[in-house]
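The next block holds one structure in the form of C-alpha cells; read it before the comments.
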Amino acid sequence: MNDRFVAIAGGDYRVGSDRHYPEERPARIISLAGFEIATAPVTNAEFARFVTATGHVTVAEQAGLSAVFVATRGPVALHDPAAWWHTTKGAWWREPEGPGSTINTRQDHPVVHVAQADAAAYAAWAGARLPGEAEWEAAARAGLIDADYAWGDDLLPGGLMMANFWTGSFPWYHDRLPQPGTTPVGHYPADARGLIDMIGNVWEWTSTAAAPALSPASPAPASPAPRCCALDASTSELVILKGGSFLCAAEYCQRYRPAARIAVDALMTSAHIGFRLARDA
C-alpha cells in the first residue's frame with residue numbers, strides 16, 4: 001500500500017469560497033490540529049491487496065450494480081444527469097464499466113465504485129482513517145491562501161493541464177482522450193506539498209457528514225450521479241466529497257478546486273468516486 005504521507009501542521013486555515021457555488025460559502029478561518037494525509041489516492045492494485053488480505057466485499061458487489069458514465073452521442077440539456085449516468089448491473093471496482101471490462105491495464109489508476117464504508121474499511125486495515133473535509137481542503141490548498149486552484153489562480157498556467165478534468169464539450173465531446181476516464185495516479189504534476197491528484201481524476205470520500213441543506217438535488221449542477229446505487233439509501237446519510245473528477249467541466253461543474261464540495265449518499269458508488277487516507281499526527 002502507499003505508505004507515503006505528508007504532514008500538515010496544526011494551525012489556522014482559510015477554507016471555503018465566496019466566489020463560486022453557494023454551498024462553498026462563506027470563506028472562513030478554521031483551526032485544525034496537525035495531521036498527515038496520503039500523497040496519493042488508493043489505487044486498484046492497493047485495493048486488490050486489501051481485498052485479498054481481508055475478503056472484503058464492496059457495497060457495489062452486494063448491490064449488484066453501480067453508476068457508470070457513458071458519453072452522449074451529441075449535445076444534451078445539462079439539467080438531467082441521467083442522460084450520461086447509467087445504473088449498470090455488474091459494475092464494480094474490478095469491472096468498472098460492467099461485465100467484461102477490466103482493470104488489468106489500470107492497476108495504477110485510483111480505485112472507483114467504492115462506497116464510504118468500503119473506503120473506511122480499507123483505512124482501518126491500513127491503520128489510518130479518512131480525512132475530514134476541512135483537513136482535506138487545508139491540505140489541497142498547498143499553502144496558498146484563497147487561490148482558486150490548488151496550484152494558483154490560473155487554471156492552465158502556461159497552457160499546462162494540471163489535473164484530470166473535462167476539456168471539450170460535456171458530456172459528449174472530449175478533446176484529450178478517446179474515452180474520458182481516470183488516469184494513472186501521478187500522471188499530472190504533484191502540488192507544492194508533493195500531493196498527487198488532489199484535484200480532478202476522482203472525487204474523494206471524507207469522513208464529514210453533510211448538512212441537510214447540501215444535497216445532490218441542489219439547484220447548482222452538482223449531482224455526480226443518480227442516488228440509485230445504494231443498498232438502502234433511506235437509511236444512509238449524506239457525506240461530503242472533495243476534489244472534483246475527470247467529469248468536472250467548465251460548462252457544467254467547475255469543481256476542480258479545493259473549496260468545491262458536493263454531498264452524496266454514504267452508500268453511493270460510481271465510476272468517479274475514490275478515496276485517500278489520513279492519520280493523526
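Following the order of the C-alpha cells, first chain is A, next is B, and so on, with residues numbered from 1 inside each chain and ligands from 1 in the order they appear.
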
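Counting only C-alpha atoms, Thr58 in chain A has the following residues at most 8 Å away, ignoring those fewer than 4 positions along the same chain: Gln62, Val114, Ala115 and Asp118 of chain A.
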
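With only C-alpha atoms taken into account, the protein and nucleic acid residues at most 9 Å from Val111 in chain A (excluding it and anything under 6 positions from it in its own chain) are Pro41, Val42, Thr43, Asn44, Ala45, Glu46, Phe47, Trp93, Arg94, Val202, Ala271, His272, Ile273, Gly274 and Phe275 of chain A.
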
Keeping all heavy atoms for every residue in the selection just given, could you write it to a file as a compact mmCIF listing (two decimals), in the first residue's frame?
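File written: again_21.txt
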# COMPACT_ATOMS: atom_id res chain seq x y z
N PRO A 41 -4.25 9.05 -3.96
CA PRO A 41 -5.42 8.22 -3.70
C PRO A 41 -5.08 6.74 -3.80
O PRO A 41 -4.08 6.35 -4.42
CB PRO A 41 -6.40 8.63 -4.82
CG PRO A 41 -5.54 9.18 -5.90
CD PRO A 41 -4.36 9.81 -5.22
N VAL A 42 -5.90 5.91 -3.20
CA VAL A 42 -5.70 4.46 -3.23
C VAL A 42 -5.94 3.94 -4.64
O VAL A 42 -6.94 4.28 -5.28
CB VAL A 42 -6.63 3.77 -2.22
CG1 VAL A 42 -6.58 2.26 -2.35
CG2 VAL A 42 -6.27 4.20 -0.80
N THR A 43 -5.02 3.12 -5.12
CA THR A 43 -5.10 2.59 -6.48
C THR A 43 -5.80 1.23 -6.52
O THR A 43 -6.02 0.59 -5.49
CB THR A 43 -3.70 2.44 -7.09
OG1 THR A 43 -3.00 1.43 -6.33
CG2 THR A 43 -2.93 3.74 -7.08
N ASN A 44 -6.10 0.79 -7.74
CA ASN A 44 -6.68 -0.55 -7.92
C ASN A 44 -5.77 -1.62 -7.35
O ASN A 44 -6.23 -2.57 -6.71
CB ASN A 44 -6.93 -0.80 -9.41
CG ASN A 44 -8.14 -0.08 -9.94
OD1 ASN A 44 -9.20 -0.08 -9.32
ND2 ASN A 44 -7.99 0.55 -11.09
N ALA A 45 -4.47 -1.51 -7.60
CA ALA A 45 -3.53 -2.52 -7.11
C ALA A 45 -3.53 -2.58 -5.59
O ALA A 45 -3.52 -3.66 -4.99
CB ALA A 45 -2.13 -2.24 -7.63
N GLU A 46 -3.57 -1.42 -4.95
CA GLU A 46 -3.57 -1.37 -3.49
C GLU A 46 -4.87 -1.92 -2.93
O GLU A 46 -4.87 -2.68 -1.94
CB GLU A 46 -3.34 0.06 -3.03
CG GLU A 46 -1.92 0.54 -3.32
CD GLU A 46 -1.76 2.04 -3.24
OE1 GLU A 46 -2.78 2.76 -3.25
OE2 GLU A 46 -0.60 2.51 -3.17
N PHE A 47 -5.99 -1.58 -3.54
CA PHE A 47 -7.27 -2.08 -3.06
C PHE A 47 -7.36 -3.59 -3.25
O PHE A 47 -7.93 -4.30 -2.42
CB PHE A 47 -8.42 -1.38 -3.79
CG PHE A 47 -9.74 -1.49 -3.09
CD1 PHE A 47 -10.04 -0.71 -1.99
CD2 PHE A 47 -10.70 -2.39 -3.53
CE1 PHE A 47 -11.25 -0.83 -1.33
CE2 PHE A 47 -11.92 -2.52 -2.89
CZ PHE A 47 -12.20 -1.73 -1.78
N TRP A 93 -15.58 -2.50 -8.70
CA TRP A 93 -14.23 -1.96 -8.85
C TRP A 93 -13.35 -2.76 -9.80
O TRP A 93 -12.49 -2.21 -10.48
CB TRP A 93 -13.56 -1.79 -7.49
CG TRP A 93 -13.18 -3.06 -6.78
CD1 TRP A 93 -13.99 -3.82 -5.98
CD2 TRP A 93 -11.91 -3.72 -6.80
NE1 TRP A 93 -13.30 -4.92 -5.51
CE2 TRP A 93 -12.02 -4.87 -5.99
CE3 TRP A 93 -10.69 -3.44 -7.42
CZ2 TRP A 93 -10.95 -5.74 -5.79
CZ3 TRP A 93 -9.63 -4.29 -7.23
CH2 TRP A 93 -9.77 -5.43 -6.42
N ARG A 94 -13.57 -4.07 -9.90
CA ARG A 94 -12.77 -4.89 -10.83
C ARG A 94 -13.27 -4.81 -12.27
O ARG A 94 -12.50 -5.06 -13.21
CB ARG A 94 -12.75 -6.35 -10.39
CG ARG A 94 -11.87 -6.65 -9.19
CD ARG A 94 -11.65 -8.14 -9.07
NE ARG A 94 -10.99 -8.52 -7.84
CZ ARG A 94 -9.66 -8.54 -7.66
NH1 ARG A 94 -8.86 -8.19 -8.66
NH2 ARG A 94 -9.15 -8.91 -6.50
N VAL A 202 -10.59 11.62 -9.56
CA VAL A 202 -11.79 11.09 -8.89
C VAL A 202 -12.15 11.97 -7.70
O VAL A 202 -11.29 12.53 -7.03
CB VAL A 202 -11.61 9.63 -8.41
CG1 VAL A 202 -11.45 8.68 -9.58
CG2 VAL A 202 -10.45 9.50 -7.43
N ALA A 271 -18.37 5.49 -11.01
CA ALA A 271 -17.12 5.39 -11.76
C ALA A 271 -16.18 6.55 -11.50
O ALA A 271 -15.07 6.56 -12.07
CB ALA A 271 -17.43 5.31 -13.26
N HIS A 272 -16.57 7.52 -10.67
CA HIS A 272 -15.69 8.67 -10.47
C HIS A 272 -15.51 9.03 -8.99
O HIS A 272 -15.14 10.16 -8.67
CB HIS A 272 -16.19 9.87 -11.26
CG HIS A 272 -17.43 10.54 -10.72
ND1 HIS A 272 -18.34 9.93 -9.90
CD2 HIS A 272 -17.89 11.80 -10.92
CE1 HIS A 272 -19.31 10.78 -9.61
NE2 HIS A 272 -19.05 11.93 -10.21
N ILE A 273 -15.72 8.06 -8.10
CA ILE A 273 -15.51 8.29 -6.68
C ILE A 273 -14.47 7.33 -6.13
O ILE A 273 -14.60 6.11 -6.29
CB ILE A 273 -16.81 8.14 -5.87
CG1 ILE A 273 -17.87 9.12 -6.36
CG2 ILE A 273 -16.55 8.34 -4.38
CD1 ILE A 273 -19.22 8.97 -5.67
N GLY A 274 -13.44 7.88 -5.51
CA GLY A 274 -12.40 7.08 -4.86
C GLY A 274 -12.09 7.65 -3.49
O GLY A 274 -12.94 8.28 -2.86
N PHE A 275 -10.86 7.50 -3.01
CA PHE A 275 -10.51 8.00 -1.68
C PHE A 275 -9.01 7.97 -1.47
O PHE A 275 -8.28 7.31 -2.18
CB PHE A 275 -11.20 7.17 -0.59
CG PHE A 275 -10.70 5.75 -0.43
CD1 PHE A 275 -9.79 5.43 0.56
CD2 PHE A 275 -11.11 4.75 -1.30
CE1 PHE A 275 -9.33 4.12 0.72
CE2 PHE A 275 -10.65 3.44 -1.16
CZ PHE A 275 -9.76 3.12 -0.14

Extract, using only C-alpha atoms, all DNA, RNA and protein residues at most 7 Å from range 139-146 of chain A, discarding same-chain residues fewer than 4 positions from it, and format them as an NGL selection string. :A and (8 or 14 or 135 or 150 or 191-193 or 198 or 258)

Which residues are near Ser169 in chain A? Cut-off 8 Å, only C-alpha atoms, ignore same chain within fewer than 2 positions. Put them as number ranges by chain. A: 75, 167, 171-174, 249, 251

Give the strand (DSSP E or B) residues of range 15-258 of chain A, as DSSP finds them on the backbone, and put them as a PyMOL selection string. chain A and resi 15+28-32+35-38+43+65-69+85-89+110+129+149+152+164+168-169+173-174+200+203-209+238-242

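Using only C-alpha atoms, the shortest contact distance between Thr39 in chain A and any of A:Ala278, A:Cys248, A:Ala53, A:Ala138 is found at A:Ala278.
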
Env of Glu24 in chain A: 7 Å cut, atoms = only C-alpha atoms, seq-sep filter 5 positions within chain, self excluded. Answer as a ChimeraX atom specification. /A:16-18,259-261

Nearest-residue call for Val6 in chain A, choices A:Asp280, A:Asp154, A:Glu204, A:Asp265, using only C-alpha atoms: A:Asp280

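Restricting the calculation to only C-alpha atoms, the smallest distance between Glu61 in chain A and any of A:Val239, A:Met161, A:Leu267, A:Ala147 is found for A:Leu267.
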
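For the atom pair formed by CA of Tyr21 in chain A and CA of Gly244 in chain A, the distance is 13.3 Å, given to one decimal.
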